[in-house]
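Chemist: Input file: run_6.csv. Contents: CSV, C-alpha atoms and all ligand atoms.
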chain,number,residue,atom,x,y,z
Z,140,MET,CA,-17.8,-30.3,79.5
Z,141,SER,CA,-14.7,-32.3,78.8
Z,142,LYS,CA,-11.9,-31.0,76.6
Z,143,ARG,CA,-12.2,-34.0,74.2
Z,144,VAL,CA,-12.1,-32.7,70.6
Z,145,ARG,CA,-15.5,-33.1,69.0
Z,146,SER,CA,-15.8,-34.5,65.5
Z,147,ILE,CA,-18.3,-34.5,62.7
Z,148,VAL,CA,-18.8,-36.4,59.5
Z,149,VAL,CA,-20.2,-34.4,56.6
Z,150,LEU,CA,-22.6,-35.8,54.0
Z,151,ILE,CA,-22.6,-34.1,50.6
Z,152,SER,CA,-24.0,-34.6,47.1
Z,153,GLY,CA,-22.2,-31.9,45.1
Z,154,ARG,CA,-20.2,-28.6,45.1
Z,155,GLY,CA,-19.4,-28.7,48.8
Z,156,SER,CA,-19.0,-25.0,49.6
Z,157,ASN,CA,-20.7,-25.5,53.0
Z,158,LEU,CA,-18.3,-28.4,53.6
Z,159,ALA,CA,-15.4,-26.0,52.7
Z,160,ALA,CA,-16.7,-23.5,55.3
Z,161,LEU,CA,-16.8,-26.2,57.9
Z,162,VAL,CA,-13.3,-27.4,57.1
Z,163,ASP,CA,-12.0,-23.8,57.1
Z,164,TYR,CA,-13.5,-23.2,60.5
Z,165,ALA,CA,-12.2,-26.4,61.9
Z,166,GLN,CA,-8.7,-25.7,60.6
Z,167,ASN,CA,-8.7,-22.4,62.3
Z,168,SER,CA,-10.2,-23.2,65.7
Z,169,PRO,CA,-10.0,-26.1,68.1
Z,170,ASP,CA,-13.8,-26.4,68.3
Z,171,PHE,CA,-14.2,-29.6,66.2
Z,172,VAL,CA,-12.6,-31.7,63.5
Z,173,VAL,CA,-14.1,-32.9,60.2
Z,174,ALA,CA,-13.4,-36.7,60.6
Z,175,GLY,CA,-14.7,-37.7,57.2
Z,176,VAL,CA,-16.8,-36.8,54.2
Z,177,VAL,CA,-19.3,-39.1,52.6
Z,178,SER,CA,-21.0,-38.5,49.2
Z,179,ASN,CA,-23.8,-40.4,47.4
Z,180,ARG,CA,-22.2,-39.2,44.2
Z,181,ALA,CA,-18.7,-40.2,43.1
Z,182,ASP,CA,-18.4,-37.0,41.0
Z,183,ALA,CA,-19.3,-34.6,43.8
Z,184,PRO,CA,-16.7,-31.8,43.6
Z,185,GLY,CA,-16.7,-31.6,47.4
Z,186,LEU,CA,-14.9,-35.0,47.5
Z,187,ALA,CA,-11.8,-33.7,45.7
Z,188,PHE,CA,-11.8,-30.7,48.0
Z,189,ALA,CA,-11.9,-32.9,51.1
Z,190,SER,CA,-9.1,-35.1,49.7
Z,191,SER,CA,-7.0,-32.0,49.0
Z,192,GLN,CA,-7.3,-31.2,52.7
Z,193,GLY,CA,-6.3,-34.7,53.8
Z,194,ILE,CA,-9.8,-35.6,55.0
Z,195,PRO,CA,-10.9,-39.2,54.4
Z,196,THR,CA,-13.7,-39.6,51.9
Z,197,GLU,CA,-16.2,-42.3,51.1
Z,198,VAL,CA,-18.7,-42.8,48.3
Z,199,VAL,CA,-22.0,-44.7,48.8
Z,200,ASP,CA,-23.6,-44.4,45.4
Z,201,HIS,CA,-27.4,-44.6,45.8
Z,202,ALA,CA,-27.8,-45.7,42.2
Z,203,LEU,CA,-26.1,-49.0,43.0
Z,204,PHE,CA,-28.8,-50.1,45.5
Z,205,GLY,CA,-32.2,-51.6,44.9
Z,206,SER,CA,-34.0,-49.8,47.6
Z,207,ARG,CA,-33.7,-46.7,49.8
Z,208,GLU,CA,-33.3,-49.0,52.8
Z,209,ALA,CA,-30.4,-50.9,51.3
Z,210,PHE,CA,-28.7,-47.6,50.4
Z,211,GLU,CA,-29.2,-46.2,53.9
Z,212,HIS,CA,-27.9,-49.4,55.5
Z,213,ALA,CA,-24.7,-49.1,53.5
Z,214,LEU,CA,-24.5,-45.3,54.2
Z,215,ALA,CA,-24.9,-45.8,58.0
Z,216,GLY,CA,-22.2,-48.5,57.9
Z,217,VAL,CA,-19.8,-45.9,56.4
Z,218,VAL,CA,-20.9,-43.0,58.6
Z,219,ASP,CA,-20.4,-45.1,61.7
Z,220,LEU,CA,-16.8,-45.8,60.7
Z,221,PHE,CA,-16.0,-42.2,61.6
Z,222,LYS,CA,-17.4,-42.5,65.1
Z,223,SER,CA,-18.4,-38.8,65.1
Z,224,ASP,CA,-20.3,-36.7,67.6
Z,225,ALA,CA,-22.6,-35.3,64.9
Z,226,VAL,CA,-23.6,-36.0,61.3
Z,227,VAL,CA,-23.9,-32.9,59.2
Z,228,LEU,CA,-26.0,-32.8,55.9
Z,229,ALA,CA,-24.3,-30.1,53.9
Z,230,GLY,CA,-26.1,-30.2,50.5
Z,231,PHE,CA,-26.9,-33.9,50.8
Z,232,MET,CA,-29.7,-34.3,48.3
Z,233,ARG,CA,-31.3,-37.6,49.3
Z,234,ILE,CA,-34.5,-38.0,51.3
Z,235,LEU,CA,-33.8,-40.0,54.4
Z,236,THR,CA,-36.2,-42.6,55.9
Z,237,PRO,CA,-37.3,-42.3,59.5
Z,238,SER,CA,-35.2,-45.4,60.3
Z,239,PHE,CA,-31.9,-43.6,59.2
Z,240,VAL,CA,-33.0,-40.4,61.0
Z,241,ASN,CA,-33.8,-42.2,64.2
Z,242,ARG,CA,-30.4,-43.9,64.2
Z,243,TYR,CA,-28.8,-40.5,64.5
Z,244,ALA,CA,-31.6,-38.8,66.4
Z,245,GLY,CA,-30.5,-35.6,68.2
Z,246,ARG,CA,-27.1,-35.5,66.4
Z,247,LEU,CA,-28.2,-35.2,62.7
Z,248,ILE,CA,-27.9,-31.6,61.5
Z,249,ASN,CA,-29.1,-30.2,58.1
Z,250,ILE,CA,-28.7,-26.8,56.4
Z,251,HIS,CA,-31.6,-25.8,54.2
Z,252,PRO,CA,-31.7,-22.7,52.0
Z,253,SER,CA,-34.9,-21.1,53.3
Z,254,LEU,CA,-36.4,-19.7,56.5
Z,255,LEU,CA,-38.1,-22.9,57.6
Z,256,PRO,CA,-40.9,-23.8,58.0
Z,257,ALA,CA,-41.3,-21.7,54.7
Z,258,PHE,CA,-40.2,-23.4,51.5
Z,259,PRO,CA,-39.2,-26.9,52.4
Z,260,GLY,CA,-38.0,-29.0,49.5
Z,261,LEU,CA,-36.3,-27.9,46.3
Z,262,ASN,CA,-36.0,-24.6,44.3
Z,263,THR,CA,-36.4,-22.5,47.4
Z,264,HIS,CA,-35.0,-19.3,45.9
Z,265,GLU,CA,-37.4,-19.4,42.9
Z,266,ARG,CA,-40.3,-20.1,45.2
Z,267,ALA,CA,-39.4,-17.3,47.6
Z,268,LEU,CA,-39.4,-14.8,44.7
Z,269,GLU,CA,-42.7,-16.2,43.3
Z,270,ALA,CA,-44.3,-15.8,46.7
Z,271,GLY,CA,-43.2,-12.2,47.0
Z,272,VAL,CA,-41.6,-12.5,50.4
Z,273,ARG,CA,-39.5,-9.5,51.6
Z,274,VAL,CA,-37.0,-11.6,53.6
Z,275,HIS,CA,-35.5,-15.0,52.8
Z,276,GLY,CA,-32.6,-16.9,54.2
Z,277,ALA,CA,-31.4,-20.3,55.5
Z,278,THR,CA,-31.9,-22.6,58.4
Z,279,VAL,CA,-29.7,-25.0,60.3
Z,280,HIS,CA,-31.8,-27.5,62.1
Z,281,LEU,CA,-31.8,-30.9,63.8
Z,282,VAL,CA,-33.3,-33.5,61.4
Z,283,THR,CA,-36.6,-35.3,62.2
Z,284,ALA,CA,-38.5,-37.8,60.2
Z,285,GLN,CA,-40.4,-35.0,58.5
Z,286,LEU,CA,-38.6,-33.5,55.5
Z,287,ASP,CA,-36.9,-30.1,56.2
Z,288,HIS,CA,-38.4,-30.0,59.6
Z,289,GLY,CA,-37.0,-30.1,63.1
Z,290,PRO,CA,-35.7,-28.0,66.0
Z,291,ILE,CA,-34.1,-24.8,64.7
Z,292,LEU,CA,-30.4,-24.3,65.7
Z,293,ASP,CA,-30.0,-21.1,63.8
Z,294,GLN,CA,-31.3,-19.0,60.9
Z,295,ALA,CA,-29.8,-16.2,58.8
Z,296,VAL,CA,-31.9,-13.6,57.0
Z,297,VAL,CA,-31.3,-11.7,53.7
Z,298,GLN,CA,-33.4,-9.0,52.2
Z,299,VAL,CA,-35.1,-9.7,48.9
Z,300,HIS,CA,-34.3,-6.9,46.4
Z,301,GLU,CA,-36.3,-5.5,43.6
Z,302,ASN,CA,-35.4,-7.3,40.3
Z,303,ASP,CA,-33.7,-10.1,42.3
Z,304,THR,CA,-33.0,-13.3,40.5
Z,305,PRO,CA,-32.9,-16.8,42.0
Z,306,GLU,CA,-29.2,-16.9,41.3
Z,307,ALA,CA,-28.4,-13.6,42.9
Z,308,LEU,CA,-30.6,-14.5,45.9
Z,309,ALA,CA,-28.9,-17.9,46.2
Z,310,ARG,CA,-25.5,-16.2,46.2
Z,311,ARG,CA,-26.4,-13.9,49.1
Z,312,VAL,CA,-28.0,-16.7,51.1
Z,313,LEU,CA,-25.1,-19.0,50.5
Z,314,GLU,CA,-22.6,-16.4,51.9
Z,315,LEU,CA,-24.6,-16.4,55.1
Z,316,GLU,CA,-24.9,-20.2,55.1
Z,317,HIS,CA,-21.1,-20.4,55.2
Z,318,ARG,CA,-20.9,-18.2,58.3
Z,319,MET,CA,-23.9,-19.8,60.0
Z,320,LEU,CA,-23.3,-23.5,59.6
Z,321,PRO,CA,-19.8,-23.8,61.3
Z,322,ARG,CA,-21.0,-21.5,64.1
Z,323,ALA,CA,-24.2,-23.6,64.7
Z,324,VAL,CA,-22.3,-26.9,64.6
Z,325,SER,CA,-19.7,-25.6,67.1
Z,326,ALA,CA,-22.3,-24.3,69.5
Z,327,PHE,CA,-24.3,-27.6,69.2
Z,328,LEU,CA,-21.2,-29.8,69.8
Z,329,HIS,CA,-20.3,-27.8,72.9
Z,330,GLY,CA,-23.8,-28.1,74.4
Z,331,LYS,CA,-24.8,-24.4,73.8
Z,332,LEU,CA,-27.7,-25.5,71.6
Z,333,LYS,CA,-29.9,-28.2,73.1
Z,334,ALA,CA,-33.4,-29.1,71.9
Z,335,LYS,CA,-36.2,-28.9,74.4
Z,336,GLY,CA,-39.0,-30.6,72.6
Z,337,GLU,CA,-39.6,-28.9,69.3
Z,338,ARG,CA,-37.4,-25.8,70.1
Z,339,VAL,CA,-33.8,-24.9,70.9
Z,340,PRO,CA,-34.0,-22.1,73.4
Z,341,GLY,CA,-30.3,-21.2,73.1
Z,342,ALA,CA,-30.7,-20.4,69.4
Z,343,LEU,CA,-32.3,-17.1,70.2
Z,344,ARG,CA,-29.1,-16.0,72.1
Z,345,LEU,CA,-26.9,-16.3,69.0
Z,346,PRO,CA,-26.3,-12.9,67.2
Z,347,LEU,CA,-28.6,-12.9,64.2
Z,348,LEU,CA,-26.7,-13.1,60.9
Z,349,THR,CA,-28.4,-10.8,58.5
Z,350,ALA,CA,-28.0,-8.9,55.2
Z,351,LEU,CA,-30.8,-6.4,55.7
Z,352,SER,CA,-31.1,-2.7,54.9
Z,353,THR,CA,-33.6,-0.4,56.6
Z,354,THR,CA,-33.6,2.0,53.7
Z,355,VAL,CA,-36.8,2.1,51.6
Z,356,ALA,CA,-36.4,1.6,47.9
Z,357,PRO,CA,-37.4,4.6,45.9
Z,358,GLU,CA,-40.7,4.3,44.0
Z,401,LIG,C1,-26.8,-25.3,50.0
Z,401,LIG,O1,-27.4,-24.1,49.6
Z,401,LIG,C2,-27.6,-26.0,51.0
Z,401,LIG,O2,-28.3,-25.2,51.8
Z,401,LIG,C3,-28.6,-26.7,50.1
Z,401,LIG,O3,-27.8,-27.2,49.0
Z,401,LIG,C4,-26.7,-26.2,48.8
Z,401,LIG,C5,-25.4,-27.0,48.8
Z,401,LIG,O4,-24.4,-26.2,48.4
Z,401,LIG,N1,-29.2,-27.8,50.7
Z,401,LIG,C6,-30.5,-28.2,50.4
Z,401,LIG,O5,-31.1,-27.7,49.5
Z,401,LIG,C7,-31.0,-29.4,51.2
Z,401,LIG,N2,-32.4,-29.5,51.2
Z,401,LIG,P1,-22.9,-26.7,48.7
Z,401,LIG,O6,-22.8,-28.1,48.1
Z,401,LIG,O7,-22.0,-25.7,48.0
Z,401,LIG,O8,-22.7,-26.7,50.2
Represent the structure of the file as structure tokens.
Ligand code: GAR
Modeler:
Amino acid sequence: MSKRVRSIVVLISGRGSNLAALVDYAQNSPDFVVAGVVSNRADAPGLAFASSQGIPTEVVDHALFGSREAFEHALAGVVDLFKSDAVVLAGFMRILTPSFVNRYAGRLINIHPSLLPAFPGLNTHERALEAGVRVHGATVHLVTAQLDHGPILDQAVVQVHENDTPEALARRVLELEHRMLPRAVSAFLHGKLKAKGERVPGALRLPLLTALSTTVAPE
């Protein structure tokens, strides 16, 4: 593998804490650079953070387009400006059409706050608590045309506590997301995580990030 520095473009819609984790990682290692940040919302706090770090930002406001296709055409035009090795969806809250997904096939990465294939879609922490699962977590995966589906690059696992709330669970999952996403992106960019059909065999060799306890809660 050549020593060329790999680069990513990060798509966000809001807070941008996963973006911050990627930037922090990139600033402290030669693994990759964050070439640009694109948001579909002009008021996304993650944009101000990126600017404060000297990272170029762009906004493609979905509300200004008459169709999903027109929005995605403009979005792809901006994403392509950054000529990146991978496109990372870090809290990007728009459903993407197969046409956009296929354009970046094999180099479009998403982080989702559940142990996929459980709980695709929204409100994952609430739904995990309602379902009574004992473990919950987050997944980094390659994006396919099916929503929140695709070859798994990494997963991180937290334990569900008695009297957990969606907010508390979200906080614990997010802490692991911040550690998992940069590590998975780096491993992917350096050829350590390659999809073979529906699976990424190398994913099983990464140390599992967990927040688990083996003690049994008292009755
Ligand atoms: C993260 O928890 C991410 O996993 C989730 O949105 C949050 C964004 O937070 N993504 C999805 O739900 C995508 N389906 P952030 O803006 O602070 O990174």
Chemist: Looking at Z:Ser146, Z:Thr236, Z:Thr263, Z:Ser156, which one is nearest to ligand LIG 401 (chain Z), with distances taken over all atoms listed in the file?
Modeler: Z:Ser156
Chemist: Nearest residue to Asp200 of chain Z out of Z:Ile151, Z:Pro321, Z:Ala174, Z:Leu255, using only C-alpha atoms?
Modeler: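 Among the listed residues, the smallest separation from Asp200 of chain Z belongs to Z:Ile151.
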Chemist: Any idea what the distance is between atom CA of Ser223 of chain Z and atom CA of Val172 of chain Z?
Modeler: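 That distance, rounded to one decimal, is 9.3 Å.
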Chemist: Take every atom of ligand LIG 401 (chain Z) listed in the file, fit an axis-aligned box around them, add 4 Å per side, and give the centre and edge lengths in Å to one decimal as AutoDock Vina command-line options.
Modeler:
--center_x -27.2 --center_y -26.8 --center_z 49.9 --size_x 18.4 --size_y 13.4 --size_z 11.8
Chemist: Restricting the calculation to only C-alpha atoms, which member of Z:His251, Z:Arg154, Z:His329, Z:Lys335 is positioned closest to Gly276 of chain Z?
Modeler: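 Closest to Gly276 of chain Z of all the choices is Z:His251.
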Chemist: Please, which residues have at least one atom within 8 Å of an atom of ligand LIG 401 (chain Z), using all atoms listed in the file, listed as a VMD selection string?
Modeler: chain Z and resid 151 to 159 185 228 to 232 249 to 253 259 to 263 277 to 278 287 309 312 to 313 316
Chemist: Give me, please, the distance in Å between atom CA of Phe221 of chain Z and atom CA of Ala244 of chain Z, quoted to one decimal.
Modeler: 16.7 Å
Chemist: So the first atom is atom CA of Thr304 of chain Z and the second is atom CA of Ala270 of chain Z; what is the distance between them in Å, to one decimal place?
Modeler: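 Interatomic distance, atom CA of Thr304 of chain Z to atom CA of Ala270 of chain Z: 13.1 Å.
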Chemist: Within 8 Å of segment 271-273 of chain Z, counting all atoms listed in the file, which residues qualify if same-chain residues fewer than 5 places away don't, as a list of chain:residue names?
Modeler: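 The neighbour list is Z:Gln298, Z:Val299, Z:His300.
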Chemist: I need the residue nearest Ala213 of chain Z from this list: Z:Ile194, Z:Leu247, Z:Val177, Z:Ala350. Use only C-alpha atoms for the distance.
Modeler: Z:Val177
Chemist: Do a neighbour search on Leu292 of chain Z at 12 Å with all atoms listed in the file, toss out local chain neighbours closer than 6 positions, and write the hits as an mmCIF file with C-alpha atoms, keeping the file's coordinate frame.
Modeler:
data_model
loop_
_atom_site.group_PDB
_atom_site.id
_atom_site.type_symbol
_atom_site.label_atom_id
_atom_site.label_comp_id
_atom_site.auth_asym_id
_atom_site.auth_seq_id
_atom_site.Cartn_x
_atom_site.Cartn_y
_atom_site.Cartn_z
ATOM 1 C CA GLY Z 245 -30.500 -35.600 68.200
ATOM 2 C CA ARG Z 246 -27.100 -35.500 66.400
ATOM 3 C CA LEU Z 247 -28.200 -35.200 62.700
ATOM 4 C CA ILE Z 248 -27.900 -31.600 61.500
ATOM 5 C CA ASN Z 249 -29.100 -30.200 58.100
ATOM 6 C CA ILE Z 250 -28.700 -26.800 56.400
ATOM 7 C CA HIS Z 251 -31.600 -25.800 54.200
ATOM 8 C CA LEU Z 254 -36.400 -19.700 56.500
ATOM 9 C CA LEU Z 255 -38.100 -22.900 57.600
ATOM 10 C CA ALA Z 277 -31.400 -20.300 55.500
ATOM 11 C CA THR Z 278 -31.900 -22.600 58.400
ATOM 12 C CA VAL Z 279 -29.700 -25.000 60.300
ATOM 13 C CA HIS Z 280 -31.800 -27.500 62.100
ATOM 14 C CA LEU Z 281 -31.800 -30.900 63.800
ATOM 15 C CA VAL Z 282 -33.300 -33.500 61.400
ATOM 16 C CA MET Z 319 -23.900 -19.800 60.000
ATOM 17 C CA LEU Z 320 -23.300 -23.500 59.600
ATOM 18 C CA PRO Z 321 -19.800 -23.800 61.300
ATOM 19 C CA ARG Z 322 -21.000 -21.500 64.100
ATOM 20 C CA ALA Z 323 -24.200 -23.600 64.700
ATOM 21 C CA VAL Z 324 -22.300 -26.900 64.600
ATOM 22 C CA SER Z 325 -19.700 -25.600 67.100
ATOM 23 C CA ALA Z 326 -22.300 -24.300 69.500
ATOM 24 C CA PHE Z 327 -24.300 -27.600 69.200
ATOM 25 C CA LEU Z 328 -21.200 -29.800 69.800
ATOM 26 C CA GLY Z 330 -23.800 -28.100 74.400
ATOM 27 C CA LYS Z 331 -24.800 -24.400 73.800
ATOM 28 C CA LEU Z 332 -27.700 -25.500 71.600
ATOM 29 C CA LYS Z 333 -29.900 -28.200 73.100
ATOM 30 C CA ALA Z 334 -33.400 -29.100 71.900
ATOM 31 C CA LYS Z 335 -36.200 -28.900 74.400
ATOM 32 C CA GLU Z 337 -39.600 -28.900 69.300
ATOM 33 C CA ARG Z 338 -37.400 -25.800 70.100
ATOM 34 C CA VAL Z 339 -33.800 -24.900 70.900
ATOM 35 C CA PRO Z 340 -34.000 -22.100 73.400
ATOM 36 C CA GLY Z 341 -30.300 -21.200 73.100
ATOM 37 C CA ALA Z 342 -30.700 -20.400 69.400
ATOM 38 C CA LEU Z 343 -32.300 -17.100 70.200
ATOM 39 C CA ARG Z 344 -29.100 -16.000 72.100
ATOM 40 C CA LEU Z 345 -26.900 -16.300 69.000
ATOM 41 C CA LEU Z 347 -28.600 -12.900 64.200
#
Chemist: Kindly indicate which residue among Z:Ala225, Z:Asp170, Z:Ala202, Z:Leu214 lies nearest to Ile147 of chain Z, using all atoms listed in the file for the distances.
Modeler: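 Residue with the minimum atom-to-atom distance to Ile147 of chain Z: Z:Ala225.
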Chemist: Counting all atoms listed in the file, which residue out of Z:Ala189, Z:Arg311, Z:Gly289, Z:Asn179 sits closest to Asp163 of chain Z?
Modeler: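 Counting all atoms listed in the file, the residue closest to Asp163 of chain Z is Z:Ala189.
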